[in-house]
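Before any comments, here is the structure.
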Amino acid sequence: MNKRSSQYRHIYSFLILMCFITLAVGSAQVNKIHCGAFSIESTGEDQKHESYVEMDDGTKVFGDGVTWKSGLIVKDQIKIDNKTFKIKETRGYFSNGSYFGRIGNSYARRIVHGKINVYYNSESVSSTSTDNQGRMRTTYRTVCTHYAQRGDNGDIIPIANQNDIKELVKDCPASVAMISKKDKEIRRSIRKDRFYLNQVFVTYNNGCK
Amino acid sequence: MKITSLRDAIINVLLPIFFGSLIYFIAFAVDIAPSVKNYLPDALWAYSLVSAILIVWSRKIEVFWITCIFVLAAFFETVQYFNLFPGTGDVIDLLVYFSSFAIGILMNNFFRKNFQNLKPHKHE
């Protein structure tokens with residue numbers, strides 16, 4: 001390997017490293033919407049509604065209790081009374097006063113309903129670290145994911161930060177003003193009013209009033 | 001030589017990156033086991049990186065750059081651990097990176113022989 005060729009290889013190696021760093025940085029998922037950011041207390045759903053499974057074509061199958069299971073070795077299915085359906089054939093289900101929209105092979109709870117729907121899901125994730133004596137420690141934390149959907153038939157897409165929300169409500173100045181505050185001010189507003197972020201969407205859904 | 005290097009790059013660099021990205025993006029829409037969703041794209045990224053470096057050096061182990069990528073992985077997880085960079089610093093992530101680098105290096109002689117038509121590299 002001559003000197004010139006070796007120089008080129010060093011340059012290529014450096015460029016490769018830069019490309020892979022860019023890829024890693026770009027894919028580092030930053031979810032800035034923490035678990036308590038949206039209120040999940042008042043969802044505005046009709047609490048007296050009977051349980052039902054909503055199929056992909058919009059038809060509803062009513063019953064008393066809804067159960068579902070999903071996983072690598074189990075069949076992905078949802079059951080209402082004695083009727084069983086494939087999860088992929090459903091749009092969502094209503095149970096115990098909450099509506100759950102389908103995301104892949106599972107469901108997320110709808111916390112705002114209207115022109116833009118907001119959904120919420122939480123899961124427990126573990127991370128392992130070692131202390132200075134080499135002891136491994138596993139900690140568990142709850143990771144919350146929020147999703148938005150335009151209308152009841154739109155795609156359910158994840159929302160991870162202020163910009164995602166701003167983009168969704170961009171044609172409503174009142175909502176944009178609420179979400180365009182500085183991070184610190186938004187946190188303060190949420191502390192004062194647990195329904196603050198929900199209100200951004202509720203305002204939008206009520207014709208920007 | 002160029003064609004075999006290209007095949008090597010497609011199989012060991014582009015395909016792992018493609019499948020890693022696929023898992024990363026479909027994880028938003030499809031329910032994937034957390035261990036697959038969290039670690040497999042990282043493993044494929046690391047394997048692809050070590051392979052790219054090895055291919056540039058005609059599958060000769062260039063100690064400086066191989067050390068660089070190990071240090072880079074350790075640095076990346078450390079800054080995440082101390083919240084200096086978005087993400088979660090995790091020892092398992094680091095083990096996944098190092099294992100993938102090791103797999104790439106262990107398979108080096110096989111690819112050197114089959115794709116680059118060169119004699120297996122002897123570690124000194």
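Going by the structure tokens order, chains are called A, B, ..., each with residues numbered from 1, while ligands are numbered from 1 in the order shown.
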
Practice problem: Find the spatial neighbours of Tyr97 (chain B), counting only C-alpha atoms, within a cut-off of 7 Å - ignore same-chain residues fewer than 2 positions away - and output them as a VMD selection string. | Solution: chain B and resid 42 to 43 46 73 93 to 95 99 to 101

Those same residues - N, CA and C atoms - I'd like them written as a PDB file, in the first residue's frame.
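selection.pdb, written as the output of this step:
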ATOM      1  N   ASP B  42     -29.092  -0.927  16.547  1.00  0.00           N
ATOM      2  CA  ASP B  42     -27.761  -0.531  17.037  1.00  0.00           C
ATOM      3  C   ASP B  42     -26.703  -1.553  16.618  1.00  0.00           C
ATOM      4  N   ALA B  43     -27.067  -2.835  16.766  1.00  0.00           N
ATOM      5  CA  ALA B  43     -26.123  -3.908  16.416  1.00  0.00           C
ATOM      6  C   ALA B  43     -25.793  -3.843  14.918  1.00  0.00           C
ATOM      7  N   ALA B  46     -23.524  -0.862  14.154  1.00  0.00           N
ATOM      8  CA  ALA B  46     -22.138  -1.092  14.567  1.00  0.00           C
ATOM      9  C   ALA B  46     -21.436  -2.068  13.615  1.00  0.00           C
ATOM     10  N   ALA B  73     -17.826   4.477  20.311  1.00  0.00           N
ATOM     11  CA  ALA B  73     -19.010   3.845  20.912  1.00  0.00           C
ATOM     12  C   ALA B  73     -19.045   4.097  22.416  1.00  0.00           C
ATOM     13  N   ASP B  93     -26.237  -1.406  25.684  1.00  0.00           N
ATOM     14  CA  ASP B  93     -25.993  -0.800  24.360  1.00  0.00           C
ATOM     15  C   ASP B  93     -24.523  -0.955  23.987  1.00  0.00           C
ATOM     16  N   LEU B  94     -23.667  -0.669  24.977  1.00  0.00           N
ATOM     17  CA  LEU B  94     -22.223  -0.732  24.751  1.00  0.00           C
ATOM     18  C   LEU B  94     -21.792  -2.164  24.410  1.00  0.00           C
ATOM     19  N   LEU B  95     -22.371  -3.127  25.153  1.00  0.00           N
ATOM     20  CA  LEU B  95     -22.062  -4.538  24.878  1.00  0.00           C
ATOM     21  C   LEU B  95     -22.520  -4.933  23.474  1.00  0.00           C
ATOM     22  N   SER B  99     -19.969  -6.188  20.733  1.00  0.00           N
ATOM     23  CA  SER B  99     -20.180  -7.541  20.172  1.00  0.00           C
ATOM     24  C   SER B  99     -20.271  -7.463  18.651  1.00  0.00           C
ATOM     25  N   SER B 100     -20.973  -6.442  18.163  1.00  0.00           N
ATOM     26  CA  SER B 100     -21.121  -6.315  16.701  1.00  0.00           C
ATOM     27  C   SER B 100     -19.787  -5.994  16.049  1.00  0.00           C
ATOM     28  N   PHE B 101     -18.991  -5.126  16.690  1.00  0.00           N
ATOM     29  CA  PHE B 101     -17.650  -4.831  16.161  1.00  0.00           C
ATOM     30  C   PHE B 101     -16.838  -6.126  16.115  1.00  0.00           C
TER      31      PHE B 101
END

Self-check item: region 189-195 of chain A environment, 9 Å, only C-alpha atoms, sequence neighbours closer than 5 positions dropped, as a list in words
Solution: Gly36, Ala37, Phe38, Ser39, Ile40, Glu41, Ser42, Lys184 and Val200 of chain A

Self-check item: Distance of CA of Thr59 (chain A) from CA of Tyr147 (chain A), expressed in Å to one decimal place
Solution: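 Computing the Euclidean distance for CA of Tyr147 (chain A) and CA of Thr59 (chain A) yields 23.2 Å.
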
Exercise. Within 12 Å of region 76-90 of chain A, counting only C-alpha atoms, which residues show up once you throw out same-chain ones fewer than 3 positions away? Write them as a PyMOL selection string, please.
Key: (chain A and resi 50-73+93-95+100-107+153) or (chain B and resi 29-31)

Those residues with C-alpha atoms, as a tab-separated table (two decimals), in the first residue's frame please?
chain	number	residue	atom	x	y	z
A	50	GLU	CA	-71.41	0.65	25.87
A	51	SER	CA	-68.15	-1.20	25.11
A	52	TYR	CA	-67.48	-1.83	21.46
A	53	VAL	CA	-64.81	-2.82	18.94
A	54	GLU	CA	-64.62	-0.53	15.91
A	55	MET	CA	-63.73	-2.31	12.72
A	56	ASP	CA	-61.62	-0.85	9.91
A	57	ASP	CA	-64.72	-0.06	7.84
A	58	GLY	CA	-66.21	1.92	10.75
A	59	THR	CA	-68.77	-0.68	11.90
A	60	LYS	CA	-69.03	-1.20	15.64
A	61	VAL	CA	-69.47	-4.51	17.38
A	62	PHE	CA	-71.03	-3.91	20.79
A	63	GLY	CA	-70.64	-6.09	23.85
A	64	ASP	CA	-69.84	-6.15	27.55
A	65	GLY	CA	-66.10	-6.64	27.91
A	66	VAL	CA	-63.11	-6.12	25.64
A	67	THR	CA	-59.81	-8.01	25.96
A	68	TRP	CA	-56.87	-8.17	23.56
A	69	LYS	CA	-53.48	-9.82	23.34
A	70	SER	CA	-50.51	-9.26	21.10
A	71	GLY	CA	-46.98	-10.57	20.93
A	72	LEU	CA	-44.40	-12.55	19.03
A	73	ILE	CA	-45.78	-16.01	19.79
A	93	TYR	CA	-62.18	-0.12	20.78
A	94	PHE	CA	-64.15	1.56	23.55
A	95	SER	CA	-64.08	0.21	27.07
A	100	PHE	CA	-58.32	3.16	22.39
A	101	GLY	CA	-56.98	3.64	18.86
A	102	ARG	CA	-54.96	0.96	17.10
A	103	ILE	CA	-51.25	1.59	16.60
A	104	GLY	CA	-49.67	-1.38	14.88
A	105	ASN	CA	-50.66	-4.42	16.89
A	106	SER	CA	-51.54	-2.59	20.09
A	107	TYR	CA	-53.76	0.24	21.23
A	153	ASN	CA	-59.75	7.93	9.99
B	29	ALA	CA	-46.26	1.59	13.27
B	30	VAL	CA	-45.86	-2.05	14.25
B	31	ASP	CA	-45.50	-3.60	17.66

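Minimum distance to chain B across A:Ile33, A:Ile156, A:Val169, A:Cys208 (counting only C-alpha atoms) occurs at A:Ile156.
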
Exercise. Compile the contact shell of Cys68 (chain B) as a ChimeraX atom specification: residues with an atom at most 10 Å away, counting only C-alpha atoms, same-chain residues fewer than 6 positions apart removed.
Key: /A:14,17 /B:74

Practice problem: Please identify all polymer residues within 7 Å of region 11-19 of chain B, counting only C-alpha atoms, omitting same-chain residues fewer than 6 positions from it, and present them as number ranges by chain. | Solution: B: 44-45, 48, 51-52

For those residues, write C-alpha atoms to a file as a PDB file, in the first residue's frame.
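To be explicit, this is the file written out as part23.pdb:
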ATOM      1  CA  LEU B  44     -26.604  -3.566  12.648  1.00  0.00           C
ATOM      2  CA  TRP B  45     -25.281   0.030  12.728  1.00  0.00           C
ATOM      3  CA  SER B  48     -22.012  -1.871   9.233  1.00  0.00           C
ATOM      4  CA  SER B  51     -17.326  -3.465   7.965  1.00  0.00           C
ATOM      5  CA  ALA B  52     -17.091  -0.114   6.140  1.00  0.00           C
TER       6      ALA B  52
END

Quiz prompt | Surrounding residues of Asp131 (chain A) excluding itself and chain neighbours under 5 positions, 12 Å, only C-alpha atoms, as number ranges by chain | solution = A: 136-138; B: 81, 90-91
